[in-house]
Amino acid sequence: MLTAALAVLCALLVLVLLVQRPAIWPVLVVLAVLWFALFGVFRYRVRSWVARWVCGGSFEKSKTQFSLEPLSQPAALLSGETVLWYNTEFRTRLMKGEALLVPRVQKVLPGLDLQEARKVSGQLLNLADGVWSAHSSTVPGEAESMTLLVLNEETALRKVEAEYKASRPGYLVFLVDGYDDVFSDMLDSERARLLEGINRVLEDMIGRGTGFLRRVASGRYIAVVEERQLEQFAKRGYDVLDKIRALDPSVNLSISIGVGRGAKTLREAQDMAVQALDMAQGRGGDQAAEMTPDGFTFYGGVSHGVEKRSKVRSRIVADQLVKLIKEADHVVIMGHRMSDLDAIGSAEGVLRICKICDVPAVIAVRRDATLAGSLINALIAAGQEDDFIDPKGALPIISQRTLCIVVDTYQLGLVESREILEKCGKVAVIDHHRKGVGFIEKADLVCHEPYASSASELVTEFLQYVGDRDDKPNRIEAEGLLSGIMLDTRDFTLHTGVRTFEAAAALRRYGAETEHVRQLFDVSMVEYTTKATLVSEAQMYRGCAITVSGEVAPEARVAIAQAANDLLTIQNVEASFVAVQVGGGVNISARSLGAVNVQVIMESLGGGGHQTMAAAQLKHITPEAVRSRIQTAIDQYREAQKKSGLESESEQKKKDKQ
Ligand SMILES: Nc1ncnc2c1ncn2[C@@H]1O[C@H](COP(=O)(O)O[C@H]2[C@@H](O)[C@H](n3cnc4c(N)ncnc43)O[C@@H]2COP(=O)(O)O)[C@@H](O)[C@H]1O
Ligand SMILES: [Mn+2]
């Protein structure tokens with residue numbers, strides 16, 4: 001700064017002199033020529049004079065300088081950030097042989113950060129077509145600080161490192177979704193054509209690299225490839241999913257892919273791939289799930305899943321559940337926070353199984369924070385008040401022999417009480433939600449069926465395999481289970497399979513009255529008016545109805561979910577999003593009729609759920625900001641749909657009009 005100011009001052013003085021005394025022009029020219037000539041001849045000397053001036057006489061021609069000069073690595077001496085001296089290696093390898101007078105170090109070594117270079121690991125720099133590690137040590141002294149900089153060329157080493165990383169093995173498992181269902185009724189020739197198509201697509205995908213692919217069972221393949229190839233797959237969003245789907249759009253053909261990436265060993269990569277496949281399947285299939293040491297990443301999942309469930313498995317799980325219950329001293333059953341009719345209905349069904357097994361059991365529920373108050377009240381009125389306990393009240397009865405049965409959620413973060421879960425010696429989980437991250441690990445029994453409509457449907461099936469003929473739920477319990485099914489299928493309009501109706505028929509046989517079930521859904525006047533306002537304020541965006549609102553009455557929170565449901569009954573609404581301010585944040589309920597996967601959209605906002613019913617809770621944000629986040633998420637989803645050839649009807653119509 002000071003130098004620059006002095007230079008400007010000198011230039012100004014010379015200018016004034018030249019104007020005042022034009023006669024000195026020739027003298028100035030001679031002086032300039034002399035300066036350049038002397039500088040050319042003595043430039044190395046000048047540099048050493050400057051170095052001596054700054055470093056003191058002790059460096060120039062000192063033993064230190066003589067020892068640094070022949071060093072095989074480039075070395076330089078800096079004052080502050082100015083290069084005062086450098087050895088021959090530095091000049092030839094980093095300055096292309098050019099000798100610069102006191103340049104700034106960042107000019108010679110772009111990107112150098114002296115603080116970084118001072119660390120033990122040094123700083124990696126890309127310089128002169130190579131990779132260098134820079135190490136420095138500084139003698140403090142503010143502007144007069146002295147720094148010794150030494151550089152090591154690591155180009156070859158880094159190439160080996162990059163190659164090592166790029167050639168690490170990754171493991172993939174491919175599974176054709178619902179293989180038996182898809183191929184069982186097909187003509188042999190048709191099956192052969194499709195299987196050949198799948199083989200071709202997968203061989204083409206894997207064959208491009210150095211890896212290999214093997215078919216290990218019907219509809220199941222494994223592959224081992226290099227990391228560089230996995231990087232390409234991820235970059236292309238696992239477009240193999242689209243290619244498989246496109247093989248025959250008239251059949252519901254899709255695959256799920258589990259990928260183990262970044263593992264230390266091949267065995268670990270295989271374990272990760274199997275876990276990831278489980279995740280992809282648990283989320284409804286037709287997607288790729290990558291597992292790395294940092295967690296899961298999902299690709300695809302824009303189409304409908306294929307049902308994959310067997311009654312045999314249901315019976316096996318029922319037997320295992322009974323065994324666990326009989327081994328326990330107590331059973332504590334709980335659902336998710338802000339429990340609903342499915343959580344309490346299925347919990348009550350499990351409680352009936354415990355009663356059949358003659359093991360003491362209770363449902364832990366916060367009665368001041370539930371959406372199933374109508375069902376709880378009906379059960380209390382029927383004399384079953386002892387079935388319920390506040391989560392805190394349940395803690396004293398829990399021992400290492402106590403079994404905790406979690407229903408209607410698999411997520412650790414959503415359970416009614418984490419303390420109960422942690423205190424119980426054993427845990428069983430019964431859930432129907434598509435899988436996301438954050439699930440309860442190390443459960444002794446997991447019944448996770450994303451193809452079931454509800455937890456109540458699963459528990460109704462178990463009840464058919466437990467106890468004797470007369471050991472059945474009573475009328476109110478059956479109505480609770482039926483209300484759970486009706487809640488999650490939106491009165492049998494969505495997510496229903498043959499087994500949903502079989503379960504409903506069984507509940508009817510146990511005495512469930514549909515009129516009573518309907519009454520469990522009755523709303524208060526404030527809930528109804530809140531819902532009506534939310535519905536009336538909706539705006540359309542790319543086939544989706546979006547409502548954004550400020551706070552609603554706390555006792556009318558269920559209206560958020562109900563408004564999202566009701567918006568779907570409006571023509572041309574493929575999905576609905578109701579965003580309402582709750583404290584400093586915003587809660588969103590999202591619903592669809594199946595053509596749009598709202599789980600994927602809500603996941604992009606940090607929430608989750610399943611294909612037709614999902615939600616998210618955003619913190620520290622205004623409702624209007626949420627509107628634009630929802631719209632961006634819809635845009636991204638629509639683009640992904642377009643890429644997969646699964647454009648929605650409304651989007652297609654809009655295009656046709658243009
Ligand atoms: N952060 C999250 N991460 C993952 N998954 C999440 C998250 N937040 C919510 N979810 C899941 O998303 C779906 C939808 O939730 P929702 O709040 O929009 O709707 C649930 C209830 O509020 C709603 N409901 C309860 N009682 C009634 C009623 N009487 N009438 C209408 N609607 C009602 O129904 C939804 C029940 O969902 P379920 O428990 O999953 O069956 C949900 O899956 C969250 O778990
Ligand atoms: Mn629920």
# chains A, B, ... in the order shown; residues from 1 in each chain; ligands from 1
$ closest_atom_pairs --of "chain A" --to "ligand 2" --cutoff "7 Å" --atoms "only C-alpha atoms and all ligand atoms" --output "CSV"
residue,atom,partner,partner_atom_place_in_ligand_line,distance
A:His336,CA,ligand 2,1 (Mn),6.8
A:Ser339,CA,ligand 2,1 (Mn),6.2
A:Asp340,CA,ligand 2,1 (Mn),5.0
A:Leu341,CA,ligand 2,1 (Mn),6.7
A:Asp342,CA,ligand 2,1 (Mn),4.9
A:Ala343,CA,ligand 2,1 (Mn),4.9
A:Asp408,CA,ligand 2,1 (Mn),5.4
$ residues_near_ligand --ligand "ligand 1" --cutoff "6 Å" --atoms "only C-alpha atoms and all ligand atoms" --output "number ranges by chain"
A: 340, 371, 488, 521, 558, 561-562, 589-590, 607-609, 613-617
$ closest_residue --among "A:Ala32, A:Leu481, A:Thr88, A:Val466" --to "A:Cys357" --atoms "only C-alpha atoms"
A:Val466
$ residues_around --residues "A:Gly511" --least-positions-apart "6" --cutoff "10 Å" --atoms "only C-alpha atoms" --output "PyMOL selection string"
chain A and resi 473-479+505
$ residues_around --residues "A:Val201" --least-positions-apart "5" --cutoff "8 Å" --atoms "only C-alpha atoms" --output "short mmCIF file (atom, residue, chain, number, x, y, z; two decimals) with N, CA, C and O atoms, in the first residue's frame"
data_model
loop_
_atom_site.label_atom_id
_atom_site.label_comp_id
_atom_site.auth_asym_id
_atom_site.auth_seq_id
_atom_site.Cartn_x
_atom_site.Cartn_y
_atom_site.Cartn_z
N VAL A 240 -31.67 -46.68 -15.92
CA VAL A 240 -32.01 -48.07 -16.24
C VAL A 240 -33.43 -48.40 -15.75
O VAL A 240 -34.13 -49.23 -16.34
N LYS A 243 -35.63 -47.56 -18.51
CA LYS A 243 -35.47 -48.49 -19.65
C LYS A 243 -36.22 -49.79 -19.38
O LYS A 243 -36.83 -50.36 -20.28
N ILE A 244 -36.18 -50.26 -18.15
CA ILE A 244 -36.88 -51.51 -17.82
C ILE A 244 -38.39 -51.28 -17.93
O ILE A 244 -39.12 -52.08 -18.53
#
$ closest_residue --among "A:Met486, A:Arg638, A:Ser167, A:Asn587" --to "A:Leu605" --atoms "only C-alpha atoms"
A:Asn587
$ residues_around --residues "A:Gly282" --least-positions-apart "4" --cutoff "9 Å" --atoms "only C-alpha atoms" --output "list in words"
Leu277, Asp278, His433, Arg434, Lys435, Gly436, His448, Glu449, Pro450 and Tyr451 of chain A
$ write_last_selection --atoms "C-alpha atoms" --output "PDB file, in the first residue's frame"
ATOM      1  CA  LEU A 277     -32.489 -53.124  -1.736  1.00  0.00           C
ATOM      2  CA  ASP A 278     -34.678 -53.737   1.297  1.00  0.00           C
ATOM      3  CA  HIS A 433     -45.538 -47.036   5.656  1.00  0.00           C
ATOM      4  CA  ARG A 434     -43.082 -46.892   2.784  1.00  0.00           C
ATOM      5  CA  LYS A 435     -39.584 -46.895   4.155  1.00  0.00           C
ATOM      6  CA  GLY A 436     -37.504 -43.778   4.678  1.00  0.00           C
ATOM      7  CA  HIS A 448     -43.207 -54.005   7.534  1.00  0.00           C
ATOM      8  CA  GLU A 449     -45.681 -54.304   4.651  1.00  0.00           C
ATOM      9  CA  PRO A 450     -45.827 -51.192   2.487  1.00  0.00           C
ATOM     10  CA  TYR A 451     -48.449 -52.867   0.308  1.00  0.00           C
TER      11      TYR A 451
END
